[in-house]
Every structure is written in structure tokens, then in C-alpha cells.
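Novice: Dropping a structure here in C-alpha cells format, bear with me for questions.
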Amino acid sequence: MNSLIPLLVAAPLAGAALLLLGGPALDRFGHWLATALAALSFGFGLALFSDMLGRGAEHRAVGQHLFSWIPVNGFQADVSFRLDQLSMTFVLLITGVGTLIHLYSVGYMAHDERRRRFFAYLNLFLAAMLLLVVADNYLLLYVGWEGVGLASYLLIGFWQHKPSAATAAKKAFIVNRVGDMGLSIAIMLMFVEFGSFAFDPVFGGASRASEGRLTAIGLMLLLAACGKSAQVPLQSWLGDAMEGPTPVSALIHAATMVTAGVYLITRSAAIFNLAPDAQTAVVVVGAVTLLFGAIVGCAKDDIKKALAGSTMSQIGYMILVAGLGPIGYAFAIMHLVTHGFFKAGLFLGAGSVMHGMNDEVSMRHYGGLRKYMPVTFVTFGLGYLAIIGFPGLSGFFSKDKIIEAAFAKGGTEGWILGLCALVGTTVTAFYMTRVMLLTFFGEKRWQPDAEGNAPHPHESPKTMTIPMILLAIGSVFAGGLFALNDSFLTWLEPVTGHAEGNSPLAPLTVTLLTTACMLAGVGLSYVMYGRSAVPVVPPVGSPLTRAARRDLLQDEFNHAALVRPGSALTATLVYFDSRGLDGFVNGLAATIGGVSSRLRRVQNGFVRSYALSMFGGTLLLVATTLLMRSF
Amino acid sequence: MNPVNYLYLSALLFTIGASGVLIRRNAIVLFMCVELMLNASNLALVTFSRLHGTLDGQIIAFFTMVVAAAEVVVGLAIIVSIFRTRHSASVDDSNLMKL
């Protein structure tokens, strides 16, 4: 049974290779092949899952050694896999949601002439992400990590004829490189400290390592997580990544990519548990990002960018709770899974709306779509209720647990984090209600597109609606299923461990507070966008709104703090190089050239002058000899 | 007669030859001046041989004569062929070998 583990990765990888190398012969059915291989991988995942459930909780983690990658004395890099409850959760999420997104893309990308290539990249994305979560050592994880970066680059820039898409892809890639550097430094530190980067020796040796070293490793891992999961300060690529086709956004935000950071932190629990300073940094990053993303989400008129802000914020919740240690790991993963369902559903719904509205993305040009797209409306609506944490739906259970855990951190910190999370809930409810009202309610504000065609909204084809329906079902029931008897917690506990915090508030109080905050956000949004007409042209807005529309000036900040000093440094180095080094070398050459051109005048072609120099030389030699003799 | 006088004569001849090489332009005259210098040194060598009572100087003088004879053969041939092509025996006219 364990031999199925490599096949999890191999199936989509083979799909990517086939589709890329197969050429136009595969154009007709390549998309179905890719979808089938993703589904096959999901099938393997299910088989392994049922096998895993058949064993006792302590015997569920299995490994599979495939081959020795770099066997050198003192340096052992293996291609070996580990499938435990944590990896299993991710495998099912990635392949399950991934397959649905493949299916959706069949309809969404039906008219794109480069569809085969698109599906090849989707498969590559799944393969890289699966490799990342089933790897048994950090080096193999790094391979998957880089593969995810590559696939995201290819997919964000899929419509490369648009300069904005090409730039966005490059931005995502470069920002991710910063994080990747963190991961590679962390791996090197691990090798220095533990002599290995396989999970077992690292986690086993963590208790013997110095806290300073563990903090360094933890901070580098956090940097890596910030890059992939779009956390402050490496968040700037996420909004621009919306330039890719909508299924890509769904894939990046729900099943792959941004979840990698949460996985990395949860997987490295053994390190973070012993490095409280690194944990504090994780918590701070999470809390800042959750508010940052939420504020950005409030001001965006582009439906996908509003959802992108929301992703950033929700991942912020997960990072925050993962930073709390054993109190929170399981809840981070639980929210990750429920978020995977409703965020994928929301993005697919957004794609469906755009599909019906001539690729219009501004919500100010939507309005009143609920009658025209009933299936999209209902599925999007369920995703909406799930993300704001409406009682009974997925998001309610997972977010409630997170807020509880934040309070359970204890002391002043606990209060600050809990209040941050509660404010986040209000803002989440506010902007998601705004998205809902602007898109599906109110009067029609439809605008003709660039060619002057008025939009004719219509429901999307079956290949698109079926994944949306399935994801909506997940958004409704997954949370309840996980929360029932704490089943998810029990499932993950052998891997992540669990500790009960001592919350200053009773669980029921937290639940009521969360619900009240959520209702406040919904109400505020309804007052602002539901009761009065929404202007087609966005109003000027307050300074905060204007800043939030520009992603809270993140690009301006990056430009001022990084790009400009970087350019100045480069200019200085170029100046030093061209004036200093080149100047010295060129000066030396010029001096020698000048001296030579003067010396060559001696060669004047007159025999008698040569004779004179010979006599002069001889005279000099004779005189010297005599002079030396006389001493 | 004091043999040192021969050395004075030799030095005088050498100086005349050297000055001729430096001052005159005609290749034949130059050539004769070079011969004069060679023979001045021959005279000095023979005088040293006499002063020291050994034969070394005389033997070297013979070598010099042989070299001078060979040199005359090659040098005159060059001068004649240059005169044929350029219709001039002035060494200053043959100044193409320069940068």
C-alpha cells in the first residue's frame, strides 16, 4: 500500500510531462487527461486514507524510501516520503479541490487556444505541491517548494501577451525568491546543527540544540512561509497574482501555494515549540497580516482582488494560530481545510460571474445578478456564509476555535491577539457582505465592454457549476464534521500534539462574541451598500480607503524601502567598478601605451642614430666597468 | 720605442673611425670607417700581446681579420645592391625600417 505514495506525485507529474511533450496531438483530449490524472491522484489519496484509518492512531504515519538521491559520506539526501495524518489532510485537500478546479477549468478555458499547456501547468502545480507535503526531508520539501514557485509563475503569467500578467508573474516569482532564500538558509542551519535535514533527526535533535540556533532556524522558516503564504512583509505579490486565469487563483488560494507556509510551520512544530521568540514573530506576522488583508479587501472594487485580500487575511488567521504552539496547530490546519473549500468555491463563483459578464471584474459594474445566475448565486452565497463564520457552516467552527485559541494564549498577549482576531471577524463580514451585495443584489450597473457589447449574464456550463456545487457542500458541512467530537483534533493530535490553553473567557462567550462581531460587520456593510444605490464610479473615499485601494501602499513602501536603496547601491557599485577598478586598469594600460609611443620614436630608421646609441651604450658599459674596477 | 705609444695610435685611429661612422653619410665611407675601427682594435690587441709577452692577442687579431674579410664581402654586396635600386649611397636615404 505504501508504494502508492510516490504515485500520488507521479500521476500529475506524468500528466504535466505528457501534455508538455505530447504536442498538438493532445490538444483535443489533453484537458480530460489532466483532469483524469488529478482524479487518479485523488483516488490514490482516498485509498491511502482508508488504509490509514484502518490502523491505530499511533501506527498511522508511514514512510516510503524511493531511492538515495545524493549519497555522500556525511551528507545523505534521500527521495523518501512520509505520509502521516498531517500530510494525508493536505493530500486529500490538494488532490480533491485540485481535481474540482481541473474540472472547472475544462469549461472556463474552453475557448483558450493554449488550453493544453494550461492543464499541463495545473498538473505540474499539483505534483509540486504534493511533493512538498509528502517529502520526508527538508531538501525534498524544498524541491516541491520551488516547483510550486515555478508553476505559480507559469500560471499567473499564463496570459503572457498582457504586460500586466507578465509583470505580475515576475513579481510573484521574485518575492517568492526572498522567502525561498529563508528556507534554504534554514536547511543549511539544520544541517550544521543536526548533521541532517531529514525530519526525524531534526525533530529528535531539536531538544538538544541551543535556543538561539532554533530561533534562527524558526525565523528563517517564517520568512519562507511569509513568501509562499503572502504574509506581511512579503504579501505584495498576492493581489497582482489575480492577473492569472480565475481557476489559477482558486488553486493558489485554496489548495496549493499559500497553504504551503502554514504546512511548513506546522510541520516544523518541534522547532517552533522550543523557540518562543520565533513563535512570537509568527504570531505577530499572522495578526498583522490578518488585519492588513482584511482592510485591503474592504476597499477593492475588483472582485478577485477583494477575495485575494480575504485570502491574505484568512491565512493570517492560520499563521497566527500556528504560532501559538500546540494550542493551535490543529486549528490552523482545520481552518486551512475549511478555507480551502469555501475560498475555492468563492473564486470559482467569481470566475463564473466574470464568465457571464464578458470578463468584467469591477463589482461596481455588476449588480442584481442573483436572478441570472442562480447556481452561482447559491454556491457563492454558501461560501460567503462559511467565510464570515455564519453559525453552523464550516468557517464558523474553524474560526471560532482560532479565536478561542488566541484568547487561550493567556495574559495581555492573549487579549491583544483575541481582539485582533475579533476585529478581523467584523472586517471579514463587512467586506464579504460588500462583495455579495455589489455582485448579486441591488440594481443592474452593467456596462458595455470595450467593443460596445452589453453583457448578457447567463449561468455557466455544467463543468463549471458541478465543482462549485461540490465545493459549496464542503463549505457547509466540513467544519461541522471536523468539530463533531473534536474528530479533526483527535486525528491530527499524534502529529502536531495538542495542549489546552487557559482561556480567560468561556468557549460559549467567545462564540457569542464572534457571532456578534460578525453580525456587526454584516449590518454595517448592509447599511453602507445594501440600503442605498452604489455609484458606478467609485467615490474618492477617505485617506484610508484610498491607501487600501492601493494595497495600503505596499508597493510604494517596497519601492521606497527596497527598490530605491537597491538601485542606489547598484549605482554606487557600478560607479566604483567603472571608475575605481576599470579606472585603475585602464589608467595602467594608458600609461604603458603612452610610454611606448614615446619610446618608439627612438626607432627612426637612421642608421647613424642607431650607431650613436650603440656607442653610447658601449661607452656606458666601459665606463661602468672601469668605475667598478677602481673601487 | 715605448709600446704604449701604439696604444695611443690605436685609440686615435678608433676615434677617427667612430667619428666617421657617426658623421659621414656615404655608405662606402662609413664602411671604411668601420674597417678603421676594426684595425685599430687589432693594433691594440697586438700591442697588448707584445706587452704581456703572450700570443693570445695576435691570435684574436687573426680572428678579427677573418671576420672583417667576411663582413666586407657581405657589406659591400648589400651596399652595391642598395645603390642599384636607389641610385644613392647615402645611409640617410635608407630609412624605411622604422615604426
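Ordered as shown in the C-alpha cells, chains take letters A, B, and onward, while each chain numbers its residues from 1 and ligands are numbered from 1 in the order shown.
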Give as a ChimeraX atom specification every residue of chain A that touches chain B within 8 Å, counting only C-alpha atoms.
Specialist: /A:600-601,603-609,611-612
Novice: Dump N, CA and C atoms for the selected residues as a PDB file, in the first residue's frame?
Specialist:
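The result, stored in result-v7.pdb:
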ATOM      1  N   ARG A 600      58.947  54.604 -28.987  1.00  0.00           N
ATOM      2  CA  ARG A 600      59.107  54.107 -30.339  1.00  0.00           C
ATOM      3  C   ARG A 600      59.710  55.176 -31.263  1.00  0.00           C
ATOM      4  N   ARG A 601      59.722  56.439 -30.800  1.00  0.00           N
ATOM      5  CA  ARG A 601      60.353  57.489 -31.605  1.00  0.00           C
ATOM      6  C   ARG A 601      61.832  57.175 -31.828  1.00  0.00           C
ATOM      7  N   GLN A 603      63.090  54.487 -32.716  1.00  0.00           N
ATOM      8  CA  GLN A 603      63.230  53.713 -33.946  1.00  0.00           C
ATOM      9  C   GLN A 603      62.957  54.631 -35.139  1.00  0.00           C
ATOM     10  N   ASN A 604      63.960  55.474 -35.496  1.00  0.00           N
ATOM     11  CA  ASN A 604      63.686  56.466 -36.529  1.00  0.00           C
ATOM     12  C   ASN A 604      64.183  56.072 -37.917  1.00  0.00           C
ATOM     13  N   GLY A 605      64.812  54.895 -38.028  1.00  0.00           N
ATOM     14  CA  GLY A 605      65.218  54.426 -39.345  1.00  0.00           C
ATOM     15  C   GLY A 605      66.587  54.937 -39.796  1.00  0.00           C
ATOM     16  N   PHE A 606      67.208  55.850 -39.025  1.00  0.00           N
ATOM     17  CA  PHE A 606      68.524  56.371 -39.438  1.00  0.00           C
ATOM     18  C   PHE A 606      69.613  55.531 -38.817  1.00  0.00           C
ATOM     19  N   VAL A 607      70.433  54.923 -39.689  1.00  0.00           N
ATOM     20  CA  VAL A 607      71.461  54.008 -39.235  1.00  0.00           C
ATOM     21  C   VAL A 607      72.437  54.691 -38.284  1.00  0.00           C
ATOM     22  N   ARG A 608      72.730  55.966 -38.584  1.00  0.00           N
ATOM     23  CA  ARG A 608      73.739  56.643 -37.777  1.00  0.00           C
ATOM     24  C   ARG A 608      73.252  56.903 -36.367  1.00  0.00           C
ATOM     25  N   SER A 609      71.974  57.117 -36.195  1.00  0.00           N
ATOM     26  CA  SER A 609      71.487  57.323 -34.821  1.00  0.00           C
ATOM     27  C   SER A 609      71.518  56.008 -34.042  1.00  0.00           C
ATOM     28  N   ALA A 611      73.766  53.790 -34.561  1.00  0.00           N
ATOM     29  CA  ALA A 611      75.192  53.655 -34.255  1.00  0.00           C
ATOM     30  C   ALA A 611      75.561  54.503 -33.050  1.00  0.00           C
ATOM     31  N   LEU A 612      74.958  55.677 -32.976  1.00  0.00           N
ATOM     32  CA  LEU A 612      75.241  56.545 -31.835  1.00  0.00           C
ATOM     33  C   LEU A 612      74.783  55.909 -30.543  1.00  0.00           C
TER      34      LEU A 612
END
Novice: What residues in region 241-332 of chain A get the DSSP label alpha helix (DSSP H)? Please answer as an MDAnalysis selection string.
Specialist: chainID A and resid 246:250 258:267 269:273 276:299 303:322 329:332
Novice: How many Å lie between CA of Leu4 (chain A) and CA of Leu471 (chain A), rounded to one decimal?
Specialist: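 So the two atoms, CA of Leu4 (chain A) and CA of Leu471 (chain A), lie 26.2 Å apart.
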Novice: May I have the residues within 12 Å of Gly20 (chain B) as a short mmCIF file (atom, residue, chain, number, x, y, z; two decimals) with N, CA, C and O atoms, in the first residue's frame, using only C-alpha atoms and disregarding those fewer than 4 positions away in the same chain?
Specialist:
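Dumped to result35.cif:
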data_model
loop_
_atom_site.label_atom_id
_atom_site.label_comp_id
_atom_site.auth_asym_id
_atom_site.auth_seq_id
_atom_site.Cartn_x
_atom_site.Cartn_y
_atom_site.Cartn_z
N ARG A 608 72.73 55.97 -38.58
CA ARG A 608 73.74 56.64 -37.78
C ARG A 608 73.25 56.90 -36.37
O ARG A 608 74.02 56.90 -35.41
N ALA A 611 73.77 53.79 -34.56
CA ALA A 611 75.19 53.66 -34.25
C ALA A 611 75.56 54.50 -33.05
O ALA A 611 76.28 54.04 -32.16
N LEU A 612 74.96 55.68 -32.98
CA LEU A 612 75.24 56.55 -31.83
C LEU A 612 74.78 55.91 -30.54
O LEU A 612 75.51 55.91 -29.53
N LEU B 13 93.14 56.10 -33.94
CA LEU B 13 92.51 55.51 -35.12
C LEU B 13 91.05 55.15 -34.82
O LEU B 13 90.13 55.40 -35.62
N PHE B 14 90.81 54.56 -33.66
CA PHE B 14 89.44 54.12 -33.29
C PHE B 14 88.52 55.32 -33.23
O PHE B 14 87.40 55.29 -33.73
N THR B 15 89.02 56.39 -32.62
CA THR B 15 88.20 57.60 -32.50
C THR B 15 87.87 58.15 -33.88
O THR B 15 86.72 58.54 -34.14
N ILE B 16 88.89 58.19 -34.77
CA ILE B 16 88.65 58.68 -36.11
C ILE B 16 87.56 57.84 -36.78
O ILE B 16 86.61 58.37 -37.37
N ARG B 24 79.70 60.83 -41.19
CA ARG B 24 79.56 60.73 -42.64
C ARG B 24 78.29 60.04 -43.05
O ARG B 24 77.70 59.27 -42.32
N ARG B 25 77.83 60.37 -44.33
CA ARG B 25 76.59 59.78 -44.81
C ARG B 25 76.85 58.70 -45.85
O ARG B 25 76.03 57.79 -45.97
N ASN B 26 77.96 58.83 -46.58
CA ASN B 26 78.20 57.86 -47.65
C ASN B 26 78.47 56.48 -47.08
O ASN B 26 79.31 56.30 -46.20
N ALA B 27 77.74 55.46 -47.61
CA ALA B 27 77.83 54.11 -47.07
C ALA B 27 79.23 53.55 -47.21
O ALA B 27 79.73 52.88 -46.30
N ILE B 28 79.92 53.87 -48.34
CA ILE B 28 81.28 53.34 -48.54
C ILE B 28 82.24 53.93 -47.51
O ILE B 28 83.03 53.19 -46.89
N VAL B 29 82.09 55.23 -47.27
CA VAL B 29 82.96 55.87 -46.28
C VAL B 29 82.68 55.30 -44.89
O VAL B 29 83.60 54.99 -44.13
N LEU B 30 81.42 55.16 -44.60
CA LEU B 30 81.02 54.55 -43.32
C LEU B 30 81.69 53.21 -43.15
O LEU B 30 82.23 52.87 -42.08
N PHE B 31 81.66 52.45 -44.25
CA PHE B 31 82.18 51.10 -44.24
C PHE B 31 83.67 51.12 -43.96
O PHE B 31 84.19 50.35 -43.15
N MET B 32 84.36 52.06 -44.62
CA MET B 32 85.81 52.16 -44.42
C MET B 32 86.12 52.57 -42.99
O MET B 32 87.09 52.09 -42.39
N CYS B 33 85.26 53.41 -42.42
CA CYS B 33 85.46 53.82 -41.01
C CYS B 33 85.31 52.63 -40.07
O CYS B 33 86.06 52.50 -39.08
N VAL B 34 84.34 51.77 -40.42
CA VAL B 34 84.17 50.57 -39.58
C VAL B 34 85.44 49.74 -39.67
O VAL B 34 85.94 49.25 -38.63
N GLU B 35 86.02 49.60 -40.91
CA GLU B 35 87.27 48.86 -41.07
C GLU B 35 88.38 49.48 -40.24
O GLU B 35 89.16 48.78 -39.60
N LEU B 36 88.38 50.82 -40.23
CA LEU B 36 89.40 51.53 -39.46
C LEU B 36 89.30 51.19 -37.97
O LEU B 36 90.30 50.92 -37.30
N MET B 37 88.07 51.14 -37.48
CA MET B 37 87.87 50.79 -36.06
C MET B 37 88.34 49.36 -35.79
O MET B 37 88.99 49.10 -34.76
#
Novice: For region 499-514 of chain A, work out the shell of residues within 7 Å, counting only C-alpha atoms and skipping chain neighbours fewer than 2 positions away, then give it as a list in words.
Specialist: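 Residues near the query, excluding close chain neighbours: Pro326, Ile327, Asp400, Glu404, Ala405, Phe407, Ala408, Lys409, Gly410, Leu422, Thr425, Gly497, Ala516, Cys517 and Met518 of chain A.
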Novice: So that I can see what lies close to Tyr431 (chain A), please list as an MDAnalysis selection string the residues with an atom at most 12 Å from it, counting only C-alpha atoms and leaving out residues fewer than 2 positions away in the same chain.
Specialist: chainID A and resid 293:301 303 305:310 313 384 387:388 424:429 433:438 518 520:526 528:529
Novice: Excluding same-chain residues fewer than 3 positions from region 52-68 of chain B, what lies within 12 Å of it counting only C-alpha atoms, as a JSON list (two decimals) with N, CA, C and O atoms, in the first residue's frame?
Specialist:
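Output file around_20.json is given in full below:
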[["chain", "number", "residue", "atom", "x", "y", "z"],
["B", 3, "PRO", "N", 106.07, 50.71, -26.28],
["B", 3, "PRO", "CA", 104.89, 50.11, -26.96],
["B", 3, "PRO", "C", 103.57, 50.80, -26.60],
["B", 3, "PRO", "O", 102.61, 50.70, -27.37],
["B", 4, "VAL", "N", 103.58, 51.55, -25.51],
["B", 4, "VAL", "CA", 102.32, 52.22, -25.13],
["B", 4, "VAL", "C", 101.90, 53.23, -26.19],
["B", 4, "VAL", "O", 100.70, 53.46, -26.41],
["B", 31, "PHE", "N", 81.66, 52.45, -44.25],
["B", 31, "PHE", "CA", 82.18, 51.10, -44.24],
["B", 31, "PHE", "C", 83.67, 51.12, -43.96],
["B", 31, "PHE", "O", 84.19, 50.35, -43.15],
["B", 32, "MET", "N", 84.36, 52.06, -44.62],
["B", 32, "MET", "CA", 85.81, 52.16, -44.42],
["B", 32, "MET", "C", 86.12, 52.57, -42.99],
["B", 32, "MET", "O", 87.09, 52.09, -42.39],
["B", 34, "VAL", "N", 84.34, 51.77, -40.42],
["B", 34, "VAL", "CA", 84.17, 50.57, -39.58],
["B", 34, "VAL", "C", 85.44, 49.74, -39.67],
["B", 34, "VAL", "O", 85.94, 49.25, -38.63],
["B", 35, "GLU", "N", 86.02, 49.60, -40.91],
["B", 35, "GLU", "CA", 87.27, 48.86, -41.07],
["B", 35, "GLU", "C", 88.38, 49.48, -40.24],
["B", 35, "GLU", "O", 89.16, 48.78, -39.60],
["B", 36, "LEU", "N", 88.38, 50.82, -40.23],
["B", 36, "LEU", "CA", 89.40, 51.53, -39.46],
["B", 36, "LEU", "C", 89.30, 51.19, -37.97],
["B", 36, "LEU", "O", 90.30, 50.92, -37.30],
["B", 37, "MET", "N", 88.07, 51.14, -37.48],
["B", 37, "MET", "CA", 87.87, 50.79, -36.06],
["B", 37, "MET", "C", 88.34, 49.36, -35.79],
["B", 37, "MET", "O", 88.99, 49.10, -34.76],
["B", 38, "LEU", "N", 87.98, 48.46, -36.70],
["B", 38, "LEU", "CA", 88.39, 47.07, -36.51],
["B", 38, "LEU", "C", 89.92, 46.98, -36.46],
["B", 38, "LEU", "O", 90.48, 46.32, -35.58],
["B", 39, "ASN", "N", 90.58, 47.67, -37.40],
["B", 39, "ASN", "CA", 92.05, 47.58, -37.44],
["B", 39, "ASN", "C", 92.68, 48.29, -36.25],
["B", 39, "ASN", "O", 93.73, 47.85, -35.76],
["B", 40, "ALA", "N", 92.00, 49.33, -35.73],
["B", 40, "ALA", "CA", 92.50, 49.98, -34.52],
["B", 40, "ALA", "C", 92.49, 49.01, -33.36],
["B", 40, "ALA", "O", 93.47, 48.89, -32.60],
["B", 41, "SER", "N", 91.43, 48.25, -33.28],
["B", 41, "SER", "CA", 91.37, 47.27, -32.17],
["B", 41, "SER", "C", 92.38, 46.17, -32.40],
["B", 41, "SER", "O", 93.00, 45.68, -31.44],
["B", 42, "ASN", "N", 92.61, 45.79, -33.69],
["B", 42, "ASN", "CA", 93.64, 44.80, -33.99],
["B", 42, "ASN", "C", 95.00, 45.28, -33.49],
["B", 42, "ASN", "O", 95.75, 44.53, -32.85],
["B", 43, "LEU", "N", 95.28, 46.54, -33.77],
["B", 43, "LEU", "CA", 96.57, 47.11, -33.35],
["B", 43, "LEU", "C", 96.69, 47.06, -31.83],
["B", 43, "LEU", "O", 97.74, 46.67, -31.29],
["B", 44, "ALA", "N", 95.61, 47.40, -31.15],
["B", 44, "ALA", "CA", 95.62, 47.35, -29.67],
["B", 44, "ALA", "C", 95.87, 45.92, -29.19],
["B", 44, "ALA", "O", 96.67, 45.70, -28.28],
["B", 45, "LEU", "N", 95.21, 44.95, -29.83],
["B", 45, "LEU", "CA", 95.38, 43.56, -29.41],
["B", 45, "LEU", "C", 96.84, 43.11, -29.58],
["B", 45, "LEU", "O", 97.41, 42.50, -28.66],
["B", 46, "VAL", "N", 97.41, 43.45, -30.74],
["B", 46, "VAL", "CA", 98.79, 43.02, -30.98],
["B", 46, "VAL", "C", 99.73, 43.70, -29.98],
["B", 46, "VAL", "O", 100.65, 43.07, -29.43],
["B", 47, "THR", "N", 99.44, 44.97, -29.67],
["B", 47, "THR", "CA", 100.27, 45.68, -28.69],
["B", 47, "THR", "C", 100.18, 45.02, -27.32],
["B", 47, "THR", "O", 101.20, 44.79, -26.65],
["B", 48, "PHE", "N", 98.98, 44.69, -26.93],
["B", 48, "PHE", "CA", 98.82, 44.00, -25.61],
["B", 48, "PHE", "C", 99.58, 42.70, -25.61],
["B", 48, "PHE", "O", 100.20, 42.33, -24.61],
["B", 49, "SER", "N", 99.53, 42.00, -26.76],
["B", 49, "SER", "CA", 100.24, 40.73, -26.86],
["B", 49, "SER", "C", 101.72, 40.93, -26.61],
["B", 49, "SER", "O", 102.38, 40.19, -25.89],
["B", 71, "GLU", "N", 82.88, 40.18, -43.40],
["B", 71, "GLU", "CA", 81.99, 41.33, -43.26],
["B", 71, "GLU", "C", 82.06, 42.21, -44.50],
["B", 71, "GLU", "O", 81.04, 42.69, -44.99],
["B", 72, "VAL", "N", 83.25, 42.38, -45.03],
["B", 72, "VAL", "CA", 83.43, 43.19, -46.23],
["B", 72, "VAL", "C", 82.66, 42.59, -47.38],
["B", 72, "VAL", "O", 81.95, 43.29, -48.12],
["B", 73, "VAL", "N", 82.75, 41.26, -47.51],
["B", 73, "VAL", "CA", 82.06, 40.58, -48.62],
["B", 73, "VAL", "C", 80.55, 40.86, -48.54],
["B", 73, "VAL", "O", 79.92, 41.34, -49.49],
["B", 74, "VAL", "N", 79.96, 40.59, -47.35],
["B", 74, "VAL", "CA", 78.51, 40.76, -47.20],
["B", 74, "VAL", "C", 78.13, 42.23, -47.30],
["B", 74, "VAL", "O", 77.23, 42.63, -48.06],
["B", 75, "GLY", "N", 78.92, 43.09, -46.60],
["B", 75, "GLY", "CA", 78.57, 44.53, -46.53],
["B", 75, "GLY", "C", 78.62, 45.18, -47.90],
["B", 75, "GLY", "O", 77.70, 45.88, -48.30],
["B", 76, "LEU", "N", 79.71, 44.90, -48.65],
["B", 76, "LEU", "CA", 79.82, 45.53, -49.96],
["B", 76, "LEU", "C", 78.69, 45.08, -50.88],
["B", 76, "LEU", "O", 78.11, 45.89, -51.61]]
